[in-house]
$ cat input_4.cif   # mmCIF, C-alpha atoms and all ligand atoms
data_entry
#
loop_
_atom_site.label_atom_id
_atom_site.label_comp_id
_atom_site.auth_asym_id
_atom_site.auth_seq_id
_atom_site.Cartn_x
_atom_site.Cartn_y
_atom_site.Cartn_z
CA MET C 1 26.37 7.22 -12.81
CA ILE C 2 26.03 7.79 -9.10
CA ILE C 3 22.38 7.70 -8.07
CA GLU C 4 21.39 10.38 -5.59
CA PRO C 5 18.05 11.07 -3.91
CA VAL C 6 15.98 13.77 -5.62
CA ILE C 7 12.85 14.94 -3.80
CA LYS C 8 10.29 17.41 -5.17
CA GLY C 9 7.69 18.34 -2.55
CA VAL C 10 6.52 14.91 -1.40
CA VAL C 11 7.54 13.05 -4.56
CA ALA C 12 10.80 11.15 -5.01
CA ARG C 13 12.19 11.67 -8.48
CA SER C 14 14.89 9.02 -8.19
CA ALA C 15 15.28 5.59 -6.69
CA HIS C 16 18.31 3.52 -5.81
CA PRO C 17 18.07 0.02 -7.33
CA TYR C 18 20.35 -1.66 -4.79
CA GLY C 19 18.68 0.15 -1.92
CA CYS C 20 15.36 -1.25 -3.18
CA GLN C 21 16.98 -4.68 -3.17
CA GLN C 22 17.97 -4.07 0.44
CA ALA C 23 14.43 -2.96 1.31
CA VAL C 24 13.00 -6.18 -0.12
CA ARG C 25 15.59 -8.30 1.69
CA LYS C 26 14.92 -6.54 4.98
CA GLN C 27 11.22 -7.39 4.70
CA ILE C 28 12.01 -10.99 3.80
CA ASP C 29 14.32 -11.28 6.81
CA TYR C 30 11.60 -9.89 9.06
CA VAL C 31 8.92 -12.38 8.03
CA LYS C 32 11.31 -15.33 8.21
CA GLN C 33 11.75 -14.81 11.94
CA ALA C 34 8.19 -13.65 12.72
CA ASN C 35 5.25 -15.84 13.78
CA PRO C 36 4.56 -17.88 10.65
CA ILE C 37 1.42 -17.87 8.51
CA VAL C 38 -0.19 -21.29 8.94
CA GLY C 39 -2.71 -22.61 6.42
CA GLY C 40 -2.19 -19.68 4.04
CA ALA C 41 -3.07 -19.48 0.35
CA LYS C 42 -0.56 -21.06 -2.03
CA ARG C 43 -1.49 -19.35 -5.31
CA ILE C 44 -1.94 -15.62 -5.08
CA LEU C 45 -2.69 -12.68 -7.32
CA VAL C 46 -1.59 -9.31 -5.90
CA LEU C 47 -2.95 -6.20 -7.63
CA GLY C 48 -0.66 -3.35 -6.59
CA ALA C 49 2.26 -5.65 -5.75
CA SER C 50 5.27 -3.39 -6.15
CA SER C 51 5.17 -1.34 -2.95
CA GLY C 52 3.42 -0.64 0.33
CA PHE C 53 0.87 -3.13 1.63
CA GLY C 54 0.68 -5.08 -1.64
CA LEU C 55 4.41 -5.84 -1.72
CA ALA C 56 4.32 -6.69 2.00
CA SER C 57 1.38 -9.08 1.41
CA ARG C 58 3.36 -10.81 -1.32
CA ILE C 59 6.51 -11.10 0.77
CA ALA C 60 4.53 -12.36 3.80
CA HIS C 61 2.91 -15.12 1.74
CA THR C 62 6.09 -16.18 -0.01
CA PHE C 63 8.56 -16.07 2.87
CA GLY C 64 6.44 -15.82 6.03
CA GLY C 65 5.15 -19.37 6.21
CA ALA C 66 2.70 -19.93 3.33
CA GLU C 67 5.34 -20.64 0.65
CA ALA C 68 3.04 -19.19 -1.99
CA ASP C 69 3.52 -18.75 -5.71
CA THR C 70 2.49 -15.26 -6.78
CA ILE C 71 1.54 -13.05 -9.69
CA GLY C 72 2.09 -9.35 -9.03
CA VAL C 73 0.53 -6.55 -11.08
CA SER C 74 1.84 -3.00 -10.84
CA PHE C 75 2.33 0.19 -12.80
CA GLU C 76 6.01 1.09 -12.72
CA ARG C 77 8.69 2.68 -14.88
CA GLY C 78 11.92 1.03 -15.98
CA PRO C 79 15.29 2.66 -16.66
CA SER C 80 15.68 4.84 -19.73
CA GLU C 81 17.62 7.89 -20.90
CA LYS C 82 15.12 9.89 -18.80
CA GLY C 83 15.99 8.28 -15.49
CA VAL C 84 16.78 5.14 -13.49
CA GLY C 85 13.11 4.16 -13.15
CA SER C 86 10.81 3.84 -10.17
CA ALA C 87 11.41 2.08 -6.86
CA GLY C 88 8.54 -0.35 -7.52
CA TRP C 89 10.22 -1.45 -10.75
CA TYR C 90 13.24 -2.65 -8.76
CA ASN C 91 11.16 -4.05 -5.90
CA ASN C 92 9.47 -6.31 -8.46
CA ILE C 93 12.79 -7.45 -9.92
CA PHE C 94 14.51 -8.18 -6.63
CA PHE C 95 11.46 -9.80 -5.09
CA LYS C 96 11.27 -12.17 -8.04
CA GLN C 97 14.99 -12.99 -7.78
CA GLU C 98 14.66 -13.87 -4.09
CA ALA C 99 11.44 -15.84 -4.60
CA GLU C 100 12.96 -17.88 -7.42
CA LYS C 101 16.04 -18.59 -5.31
CA ALA C 102 13.63 -20.04 -2.75
CA GLY C 103 12.01 -22.21 -5.43
CA ARG C 104 8.85 -20.18 -5.77
CA ILE C 105 7.08 -18.90 -8.87
CA ALA C 106 6.89 -15.11 -8.99
CA THR C 107 5.56 -13.51 -12.16
CA ASN C 108 5.47 -9.74 -12.55
CA ILE C 109 3.03 -8.02 -14.87
CA VAL C 110 3.75 -4.34 -15.33
CA GLY C 111 0.85 -2.45 -16.86
CA ASP C 112 -2.41 -0.66 -16.17
CA ALA C 113 -4.52 -2.84 -13.87
CA PHE C 114 -7.65 -1.02 -15.04
CA SER C 115 -7.18 -2.11 -18.64
CA PRO C 116 -8.83 -5.15 -20.28
CA GLN C 117 -5.42 -6.17 -21.71
CA VAL C 118 -3.87 -6.61 -18.28
CA ARG C 119 -6.90 -8.62 -17.10
CA GLN C 120 -6.40 -10.91 -20.11
CA GLN C 121 -2.67 -11.20 -19.45
CA VAL C 122 -3.29 -12.10 -15.80
CA ILE C 123 -5.72 -14.87 -16.77
CA GLU C 124 -3.18 -16.29 -19.22
CA VAL C 125 -0.45 -16.23 -16.58
CA ILE C 126 -2.72 -17.88 -13.99
CA ASN C 127 -3.34 -20.65 -16.53
CA ASN C 128 0.30 -20.99 -17.58
CA ASP C 129 2.16 -20.45 -14.30
CA LEU C 130 -0.27 -21.23 -11.47
CA GLY C 131 -2.06 -24.28 -12.86
CA GLY C 132 -5.20 -22.36 -13.70
CA LYS C 133 -6.41 -21.24 -10.24
CA VAL C 134 -5.73 -18.69 -7.50
CA ASP C 135 -6.73 -19.07 -3.82
CA LEU C 136 -6.34 -15.42 -2.85
CA VAL C 137 -6.67 -12.07 -4.63
CA VAL C 138 -5.10 -9.13 -2.80
CA TYR C 139 -6.39 -5.76 -4.02
CA SER C 140 -3.87 -3.07 -3.04
CA LEU C 141 -3.94 -0.48 -5.79
CA ALA C 142 -3.42 3.16 -4.83
CA THR C 143 -3.68 5.73 -7.59
CA GLY C 144 -5.02 9.14 -8.46
CA VAL C 145 -6.49 8.26 -11.85
CA ARG C 146 -8.62 5.59 -13.48
CA PRO C 147 -9.70 5.52 -17.11
CA ASN C 148 -13.45 5.34 -17.70
CA PRO C 149 -13.74 2.11 -19.70
CA GLU C 150 -16.71 3.50 -21.69
CA THR C 151 -15.14 6.77 -22.83
CA GLY C 152 -11.40 6.42 -22.18
CA GLU C 153 -11.51 9.70 -20.26
CA MET C 154 -9.84 9.84 -16.84
CA TRP C 155 -11.58 9.92 -13.50
CA ARG C 156 -9.34 11.80 -11.07
CA SER C 157 -9.45 11.39 -7.32
CA VAL C 158 -9.08 14.41 -5.06
CA ILE C 159 -8.16 14.57 -1.38
CA LYS C 160 -10.72 16.95 0.06
CA THR C 161 -13.18 17.13 2.91
CA THR C 162 -16.93 16.80 2.53
CA GLY C 163 -17.68 19.22 5.39
CA ASN C 164 -16.26 22.68 6.10
CA PRO C 165 -12.75 23.42 4.79
CA VAL C 166 -9.98 22.27 7.16
CA VAL C 167 -6.80 24.23 7.77
CA GLY C 168 -3.85 22.16 8.84
CA PRO C 169 -0.08 21.93 8.55
CA THR C 170 1.22 19.93 5.64
CA LEU C 171 4.67 18.51 5.20
CA ASN C 172 7.21 19.35 2.54
CA LEU C 173 9.86 16.63 2.48
CA GLU C 174 12.06 18.58 0.10
CA THR C 175 12.51 21.49 2.50
CA ASP C 176 11.83 19.63 5.78
CA SER C 177 9.14 22.13 6.67
CA LEU C 178 5.50 22.31 7.67
CA ALA C 179 3.25 24.87 6.02
CA GLU C 180 -0.40 25.75 6.65
CA MET C 181 -2.65 24.50 3.94
CA THR C 182 -6.40 24.46 3.46
CA VAL C 183 -8.21 21.28 2.56
CA GLU C 184 -11.19 22.47 0.55
CA THR C 185 -14.70 21.07 0.41
CA ALA C 186 -15.23 18.64 -2.44
CA THR C 187 -18.02 19.03 -4.96
CA GLU C 188 -20.45 16.13 -5.49
CA GLN C 189 -18.66 15.41 -8.77
CA GLU C 190 -15.26 15.25 -7.03
CA ILE C 191 -16.65 12.86 -4.43
CA ALA C 192 -18.14 10.65 -7.15
CA ASP C 193 -14.89 10.65 -9.13
CA THR C 194 -12.79 9.76 -6.08
CA VAL C 195 -15.15 6.86 -5.36
CA LYS C 196 -14.66 5.70 -8.96
CA VAL C 197 -10.87 5.73 -8.57
CA MET C 198 -10.38 4.48 -5.00
CA GLY C 199 -13.70 2.76 -4.20
CA GLY C 200 -14.57 -0.88 -4.74
CA GLU C 201 -15.84 -0.85 -8.35
CA ASP C 202 -12.62 -1.98 -9.98
CA TRP C 203 -12.06 -4.61 -7.26
CA ALA C 204 -15.52 -6.05 -7.99
CA SER C 205 -14.87 -5.96 -11.71
CA TRP C 206 -11.60 -7.88 -11.27
CA ILE C 207 -13.31 -10.59 -9.22
CA GLN C 208 -16.10 -10.87 -11.76
CA CYS C 209 -13.65 -11.13 -14.63
CA LEU C 210 -11.55 -13.80 -12.86
CA SER C 211 -14.69 -15.69 -11.89
CA GLU C 212 -15.97 -15.70 -15.48
CA ALA C 213 -12.58 -16.97 -16.65
CA GLY C 214 -12.89 -19.85 -14.17
CA VAL C 215 -9.60 -19.11 -12.44
CA LEU C 216 -10.88 -18.68 -8.86
CA ALA C 217 -10.22 -21.86 -6.86
CA GLN C 218 -12.85 -23.42 -4.63
CA GLY C 219 -12.70 -21.42 -1.37
CA CYS C 220 -10.96 -18.45 -3.03
CA ARG C 221 -10.71 -15.37 -0.84
CA THR C 222 -10.06 -11.72 -1.53
CA VAL C 223 -8.90 -8.82 0.63
CA ALA C 224 -8.58 -5.05 0.11
CA TYR C 225 -7.03 -2.45 2.42
CA SER C 226 -8.67 0.49 4.08
CA TYR C 227 -8.08 3.25 6.59
CA ILE C 228 -10.44 4.81 9.13
CA GLY C 229 -8.27 6.49 11.76
CA PRO C 230 -9.18 8.34 14.95
CA GLU C 231 -11.75 11.14 15.22
CA VAL C 232 -9.13 13.92 15.08
CA THR C 233 -8.46 12.94 11.46
CA TYR C 234 -12.10 12.38 10.42
CA PRO C 235 -12.48 15.80 8.71
CA ILE C 236 -9.57 15.07 6.36
CA TYR C 237 -9.93 11.32 5.93
CA HIS C 238 -12.93 9.37 7.15
CA HIS C 239 -15.36 12.21 6.39
CA GLY C 240 -13.42 13.26 3.32
CA THR C 241 -13.39 12.03 -0.25
CA LEU C 242 -11.05 9.14 0.54
CA GLY C 243 -13.31 8.02 3.39
CA ARG C 244 -16.24 7.98 0.95
CA ALA C 245 -14.24 5.80 -1.41
CA LYS C 246 -13.36 3.44 1.45
CA GLU C 247 -17.01 3.25 2.50
CA HIS C 248 -17.79 2.15 -1.05
CA MET C 249 -15.03 -0.43 -0.79
CA HIS C 250 -16.46 -1.75 2.51
CA ASN C 251 -19.87 -2.16 0.85
CA THR C 252 -18.24 -3.88 -2.11
CA ALA C 253 -16.69 -6.41 0.27
CA GLU C 254 -20.19 -7.38 1.41
CA THR C 255 -21.39 -7.85 -2.18
CA LEU C 256 -18.31 -9.85 -3.13
CA ASN C 257 -18.59 -11.95 0.01
CA GLY C 258 -22.10 -12.92 -1.04
CA GLN C 259 -20.97 -13.78 -4.57
CA LEU C 260 -17.92 -15.79 -3.48
CA ALA C 261 -20.08 -17.87 -1.11
CA ALA C 262 -21.11 -19.83 -4.23
CA ILE C 263 -17.57 -21.26 -4.40
CA GLY C 264 -17.06 -21.37 -0.63
CA GLY C 265 -15.00 -18.18 -0.76
CA GLN C 266 -15.02 -14.90 1.18
CA ALA C 267 -14.19 -11.20 0.75
CA HIS C 268 -12.74 -8.99 3.48
CA VAL C 269 -11.47 -5.51 4.08
CA ALA C 270 -8.53 -5.10 6.45
CA VAL C 271 -8.38 -1.68 8.09
CA CYS C 272 -4.70 -0.82 8.44
CA LYS C 273 -2.52 1.54 10.42
CA ALA C 274 -1.42 4.94 9.10
CA LEU C 275 1.98 4.53 7.45
CA VAL C 276 4.42 6.31 5.21
CA THR C 277 3.94 5.00 1.68
CA LYS C 278 4.21 6.53 -1.77
CA ALA C 279 0.46 7.15 -1.60
CA SER C 280 -0.04 8.42 1.96
CA VAL C 281 2.44 11.31 1.83
CA PHE C 282 -0.04 13.13 -0.41
CA ILE C 283 -2.73 13.43 2.25
CA PRO C 284 -2.72 17.09 3.32
CA ALA C 285 -2.96 18.06 7.00
CA PHE C 286 -2.37 14.44 7.98
CA THR C 287 1.32 14.68 8.78
CA PRO C 288 1.13 16.11 12.32
CA TYR C 289 -0.99 13.11 13.22
CA ILE C 290 1.43 10.57 11.73
CA LEU C 291 4.44 12.30 13.31
CA ALA C 292 2.84 12.18 16.75
CA LEU C 293 1.56 8.65 16.23
CA PHE C 294 4.97 7.28 15.26
CA LYS C 295 6.55 8.94 18.28
CA VAL C 296 4.03 7.44 20.71
CA MET C 297 3.85 3.97 19.15
CA LYS C 298 7.64 3.68 19.00
CA GLN C 299 7.88 4.67 22.67
CA ASN C 300 5.27 2.02 23.49
CA GLY C 301 6.95 -0.64 21.37
CA THR C 302 3.78 -1.10 19.29
CA HIS C 303 4.93 0.66 16.11
CA GLU C 304 4.61 -1.39 12.92
CA GLY C 305 5.53 -0.85 9.28
CA CYS C 306 3.82 -2.38 6.23
CA ILE C 307 5.54 -5.72 6.62
CA GLU C 308 4.76 -6.09 10.34
CA GLN C 309 1.12 -5.18 9.64
CA MET C 310 0.77 -7.70 6.84
CA GLN C 311 2.54 -10.56 8.60
CA ARG C 312 0.29 -10.03 11.66
CA LEU C 313 -2.80 -9.78 9.45
CA PHE C 314 -2.13 -13.11 7.81
CA ASN C 315 -0.75 -15.04 10.77
CA ALA C 316 -3.15 -13.86 13.46
CA ARG C 317 -6.35 -12.58 11.83
CA PHE C 318 -6.89 -13.90 8.33
CA TYR C 319 -6.02 -17.58 8.51
CA THR C 320 -6.97 -18.88 11.91
CA ALA C 321 -8.43 -22.16 13.08
CA GLY C 322 -11.39 -20.36 14.64
CA GLY C 323 -12.15 -18.24 11.54
CA GLU C 324 -11.01 -14.73 10.77
CA VAL C 325 -11.09 -12.10 13.50
CA THR C 326 -13.38 -9.19 12.59
CA ASP C 327 -15.43 -6.44 14.21
CA GLU C 328 -19.24 -6.26 14.01
CA GLN C 329 -18.96 -4.71 10.50
CA ARG C 330 -16.89 -7.74 9.41
CA LEU C 331 -13.80 -5.50 9.09
CA ILE C 332 -10.42 -6.91 10.10
CA ARG C 333 -9.00 -4.27 12.43
CA MET C 334 -5.23 -4.02 12.01
CA ASP C 335 -5.55 -0.47 13.35
CA ASP C 336 -6.26 -1.82 16.85
CA TRP C 337 -2.90 -0.74 18.31
CA GLU C 338 -3.11 2.67 16.61
CA LEU C 339 -6.59 3.35 17.97
CA ASP C 340 -5.72 2.25 21.51
CA GLN C 341 -7.18 4.90 23.86
CA GLU C 342 -3.98 5.62 25.72
CA VAL C 343 -2.02 5.93 22.44
CA GLN C 344 -4.60 8.37 21.10
CA ARG C 345 -4.60 10.40 24.32
CA GLN C 346 -0.84 10.86 24.08
CA VAL C 347 -1.04 11.63 20.36
CA SER C 348 -3.64 14.36 20.98
CA GLU C 349 -1.42 15.93 23.64
CA ILE C 350 1.53 16.09 21.27
CA MET C 351 -0.56 17.41 18.38
CA ALA C 352 -1.96 20.20 20.53
CA ASP C 353 1.57 21.53 21.07
CA MET C 354 2.97 20.87 17.60
CA THR C 355 4.03 23.84 15.47
CA ALA C 356 6.07 24.45 12.34
CA ASP C 357 9.03 25.23 14.63
CA ASN C 358 9.00 22.21 16.93
CA PHE C 359 7.54 19.36 14.84
CA THR C 360 10.91 17.69 14.32
CA ASP C 361 11.32 17.44 18.11
CA LEU C 362 7.76 16.72 19.22
CA GLY C 363 7.00 14.32 16.40
CA ASP C 364 9.06 11.49 14.91
CA TYR C 365 10.16 13.44 11.88
CA ALA C 366 13.47 11.60 11.63
CA GLY C 367 11.62 8.29 11.50
CA TYR C 368 9.13 9.58 8.94
CA LYS C 369 11.86 10.89 6.67
CA GLN C 370 13.87 7.70 7.05
CA ASP C 371 10.82 5.66 5.99
CA PHE C 372 10.30 7.92 3.00
CA MET C 373 13.94 7.62 1.94
CA GLU C 374 13.85 3.83 2.36
CA LEU C 375 10.75 3.59 0.13
CA ASN C 376 13.01 4.85 -2.62
CA GLY C 377 16.03 2.78 -1.73
CA PHE C 378 17.97 5.45 0.16
CA GLY C 379 19.30 5.56 3.70
CA PHE C 380 20.27 1.91 4.08
CA THR C 381 23.47 0.91 5.76
CA GLY C 382 25.11 -1.80 3.71
CA VAL C 383 24.46 -0.12 0.36
CA ASP C 384 27.35 1.64 -1.35
CA TYR C 385 25.72 4.86 -2.50
CA GLN C 386 28.94 6.01 -4.17
CA GLN C 387 29.03 3.10 -6.60
CA ASP C 388 29.04 3.88 -10.29
CA ILE C 389 26.02 2.18 -11.89
CA SER C 390 25.60 1.95 -15.66
CA LEU C 391 22.27 2.35 -17.40
CA GLU C 392 23.04 -0.81 -19.39
CA SER C 393 23.41 -2.88 -16.24
CA LEU C 394 20.01 -1.64 -15.05
CA GLN C 395 18.40 -2.25 -18.43
CA ALA C 396 19.65 -5.84 -18.24
CA LEU C 397 17.45 -6.42 -15.18
CA GLN C 398 14.03 -7.57 -16.35
CA PRO C 399 10.80 -7.79 -14.30
P1 LIG Z 401 1.50 2.22 -2.67
O1 LIG Z 401 1.54 3.47 -3.45
O2 LIG Z 401 2.68 1.82 -1.88
O3 LIG Z 401 1.15 0.99 -3.66
C1 LIG Z 401 0.24 1.15 -4.72
C2 LIG Z 401 0.43 0.04 -5.73
O4 LIG Z 401 -0.54 0.20 -6.78
C3 LIG Z 401 1.79 0.02 -6.42
O5 LIG Z 401 2.20 -1.32 -6.60
C4 LIG Z 401 1.49 0.64 -7.79
O6 LIG Z 401 2.39 0.24 -8.83
C5 LIG Z 401 0.11 0.08 -8.02
N1 LIG Z 401 -0.66 0.82 -9.03
C6 LIG Z 401 -1.08 2.11 -9.00
N2 LIG Z 401 -1.78 2.38 -10.12
C7 LIG Z 401 -1.81 1.26 -10.86
C8 LIG Z 401 -2.36 0.91 -12.13
N3 LIG Z 401 -3.07 1.78 -12.86
N4 LIG Z 401 -2.16 -0.35 -12.59
C9 LIG Z 401 -1.45 -1.25 -11.88
N5 LIG Z 401 -0.91 -0.98 -10.68
C10 LIG Z 401 -1.09 0.26 -10.18
O7 LIG Z 401 0.17 2.32 -1.77
P2 LIG Z 401 -0.27 1.69 -0.35
O8 LIG Z 401 -0.14 2.74 0.67
O9 LIG Z 401 0.32 0.36 -0.14
O10 LIG Z 401 -1.84 1.54 -0.62
C11 LIG Z 401 -2.47 0.30 -0.86
C12 LIG Z 401 -3.85 0.32 -0.21
O11 LIG Z 401 -3.70 0.42 1.20
C13 LIG Z 401 -4.71 1.52 -0.64
O12 LIG Z 401 -6.04 1.09 -0.78
C14 LIG Z 401 -4.59 2.44 0.55
O13 LIG Z 401 -5.70 3.31 0.68
C15 LIG Z 401 -4.54 1.44 1.69
N6 LIG Z 401 -4.04 1.96 2.98
C16 LIG Z 401 -2.90 2.71 3.06
C17 LIG Z 401 -2.50 3.22 4.31
C18 LIG Z 401 -1.26 4.05 4.45
O14 LIG Z 401 -1.09 4.68 5.50
N7 LIG Z 401 -0.38 4.05 3.48
C19 LIG Z 401 -3.26 2.94 5.53
C20 LIG Z 401 -4.38 2.06 5.33
C21 LIG Z 401 -4.75 1.63 4.08
NA NA Z 402 0.36 -1.69 -2.44
#
$ encode --input "input_4.cif" --output "structure tokens"
Amino acid sequence: MIIEPVIKGVVARSAHPYGCQQAVRKQIDYVKQANPIVGGAKRILVLGASSGFGLASRIAHTFGGAEADTIGVSFERGPSEKGVGSAGWYNNIFFKQEAEKAGRIATNIVGDAFSPQVRQQVIEVINNDLGGKVDLVVYSLATGVRPNPETGEMWRSVIKTTGNPVVGPTLNLETDSLAEMTVETATEQEIADTVKVMGGEDWASWIQCLSEAGVLAQGCRTVAYSYIGPEVTYPIYHHGTLGRAKEHMHNTAETLNGQLAAIGGQAHVAVCKALVTKASVFIPAFTPYILALFKVMKQNGTHEGCIEQMQRLFNARFYTAGGEVTDEQRLIRMDDWELDQEVQRQVSEIMADMTADNFTDLGDYAGYKQDFMELNGFGFTGVDYQQDISLESLQALQP
């Protein structure tokens, strides 16, 4: 078969395996020539390892100076009669191939990170493959649902505001168009459910479970990723349901930091830059901001993708001789270049003029779309998109 891109709204319904391989290699090449991570963790567990910031954290630690062995947990779909499978499935496979070529251990666990079974499996793999301890736990899950462990029913996150409804243009990547859409006010229940799914509770439960199993090394650290953004986006993000979940995560970091002190460890939240990932394309009314931001940051030469953000986090902020670099809330601010005053002034100017007719000119729509295609293995030079790929050959690739 010839694998073509299929987009429905903001969801990619196909992925190109060899394009995903290219995406992984491109990130590896970047970190190999970047400022290296010095004094980094050597045994790492990444929850949410197959794409976005989690995959970039794993690549940075393996190839960007730390030479780490890693376990990656993710929820992805393999090839079947129904389709080729998800991009993250192939990212896992090709990351592992490259890591093993470099002499590193890279174990992939594909399953539901919220389940007790996957926790058990991770502990077994830490004991079998990593000598029984991890030095760093990266928490980078992004999802819309989490099963309630008591009842088995699903908590569902919603992307809504907590103030007055917000009207804003939202992107459709299938039709390359912007359409007005209203972000409604969340109910108390919707806020609580979103906090359950995207807040810090599951992060804390993972750390507790690993601690009880005795697999956290002396000095073990943990990090989760957050977003705050500039004031123009507060109504849809920071003061919305997702912002509430992040606030919960920030508080969880304080609790975990206190607990990990007993083994000389620490917990941090890194606040990252707005980027195109499988998760972020769902945020309504956010696109005009990202389109303007990419335009301005590229012009200024300060634009970063996931891999640039993660390499800089770990080489300049997380492992440093003088201790980690944080703000007064103990947050690691990787959004410093995004929130630069002059950048934000220019972004506001562009946003004020942006309409459904001119957004592809005023904003960096080409760059946004390219990023989205690349997430799914499309749009790479050096990949033969006309090649005939058999289902059997894909089924032979194992995570
Ligand atoms: P992503 O969608 O690229 O990655 C999510 C990962 O979670 C994937 O590996 C996926 O397989 C895994 N996952 C989802 N549900 C799972 C489950 N039930 N069991 C096991 N694995 C599961 O997302 P992204 O954007 O990298 O997000 C990671 C974190 O970074 C999130 O907390 C997000 O809020 C945060 N962040 C994202 C920003 C952005 O602009 N994309 C900006 C700042 C923070
Ligand atoms: Na991730």
$ residues_near_ligand --input "input_4.cif" --ligand "ligand NA 402 (chain Z)" --cutoff "7 Å" --atoms "all atoms listed in the file" --output "number ranges by chain"
C: 48-55, 140-142
$ closest_residue --input "input_4.cif" --among "C:Val183, C:Ala274, C:Ile28, C:Ala113" --to "Lys96 in chain C" --atoms "only C-alpha atoms"
C:Ile28
$ axis_aligned_box --input "input_4.cif" --around "ligand LIG 401 (chain Z)" --padding-each-side "5 Å" --output "JSON"
{"center_x": -1.7, "center_y": 1.7, "center_z": -3.7, "size_x": 18.7, "size_y": 16.0, "size_z": 28.4}
$ closest_residue --input "input_4.cif" --among "C:Ala66, C:Ile59, C:Ala396, C:Met297" --to "Asp364 in chain C" --atoms "only C-alpha atoms"
C:Met297
$ closest_atom_pairs --input "input_4.cif" --of "range 270-309 of chain C" --to "range 355-363 of chain C" --cutoff "7 Å" --atoms "all atoms listed in the file" --output "Markdown table"
| residue | atom | partner | partner_atom | distance |
| --- | --- | --- | --- | --- |
| C:Leu291 | CA | C:Gly363 | CA | 4.5 |
| C:Ala292 | CA | C:Gly363 | CA | 4.7 |
| C:Lys295 | CA | C:Gly363 | CA | 5.7 |
$ residues_near_ligand --input "input_4.cif" --ligand "ligand LIG 401 (chain Z)" --cutoff "8 Å" --atoms "all atoms listed in the file" --output "PyMOL selection string"
chain C and resi 47-55+73-76+88+110-114+139-146+198+224-228+242+246+271-281+306
$ atom_distance --input "input_4.cif" --atom1 "CA of Asp69 in chain C" --atom2 "CA of Glu100 in chain C"
9.6 Å
$ closest_residue --input "input_4.cif" --among "C:Val24, C:Ile263, C:Ser57, C:Lys32" --to "Asn92 in chain C" --atoms "all atoms listed in the file"
C:Val24
$ atom_distance --input "input_4.cif" --atom1 "CA of Asn108 in chain C" --atom2 "CA of Thr320 in chain C"
28.9 Å
$ residues_around --input "input_4.cif" --residues "Ala87 in chain C" --least-positions-apart "4" --cutoff "10 Å" --atoms "all atoms listed in the file" --output "list in words"
Ala12, Arg13, Ser14, Ala15, His16, Pro17, Tyr18, Gly19, Cys20, Gln21, Ser50, Ser51, Glu76, Arg77, Gly78, Asn91, Asn92, Lys278, Glu374, Leu375, Asn376 and Gly377 of chain C
$ closest_residue --input "input_4.cif" --among "C:Val167, C:Val269, C:Ala106, C:Ala217" --to "Glu247 in chain C" --atoms "only C-alpha atoms"
C:Val269
$ residues_around --input "input_4.cif" --residues "range 178-180 of chain C" --least-positions-apart "2" --cutoff "9 Å" --atoms "all atoms listed in the file" --output "NGL selection string"
:C and (167-173 or 175-176 or 182 or 285 or 287-288 or 355-357 or 359)
$ closest_residue --input "input_4.cif" --among "C:Val125, C:Gly199, C:Pro235, C:Gly219" --to "Asn251 in chain C" --atoms "all atoms listed in the file"
C:Gly199
$ closest_residue --input "input_4.cif" --among "C:Ile37, C:Val343, C:Ala261, C:Val46" --to "Gln218 in chain C" --atoms "all atoms listed in the file"
C:Ala261
$ closest_atom_pairs --input "input_4.cif" --of "range 279-377 of chain C" --to "range 134-138 of chain C" --cutoff "12 Å" --atoms "all atoms listed in the file" --output "JSON lines"
{"residue": "C:Met310", "atom": "CA", "partner": "C:Val138", "partner_atom": "CA", "distance": 11.4}
{"residue": "C:Phe314", "atom": "CA", "partner": "C:Leu136", "partner_atom": "CA", "distance": 11.7}
{"residue": "C:Phe318", "atom": "CA", "partner": "C:Leu136", "partner_atom": "CA", "distance": 11.3}
{"residue": "C:Tyr319", "atom": "CA", "partner": "C:Leu136", "partner_atom": "CA", "distance": 11.6}
$ atom_distance --input "input_4.cif" --atom1 "CA of Ala267 in chain C" --atom2 "CA of Thr222 in chain C"
4.7 Å
$ residues_around --input "input_4.cif" --residues "Ile159 in chain C" --least-positions-apart "5" --cutoff "8 Å" --atoms "all atoms listed in the file" --output "compact mmCIF listing (two decimals) with C-alpha atoms, in the coordinates of the input"
# COMPACT_ATOMS: atom_id res chain seq x y z
CA VAL C 183 -8.21 21.28 2.56
CA ILE C 236 -9.57 15.07 6.36
CA GLY C 240 -13.42 13.26 3.32
CA THR C 241 -13.39 12.03 -0.25
CA LEU C 242 -11.05 9.14 0.54
CA ILE C 283 -2.73 13.43 2.25
CA PRO C 284 -2.72 17.09 3.32
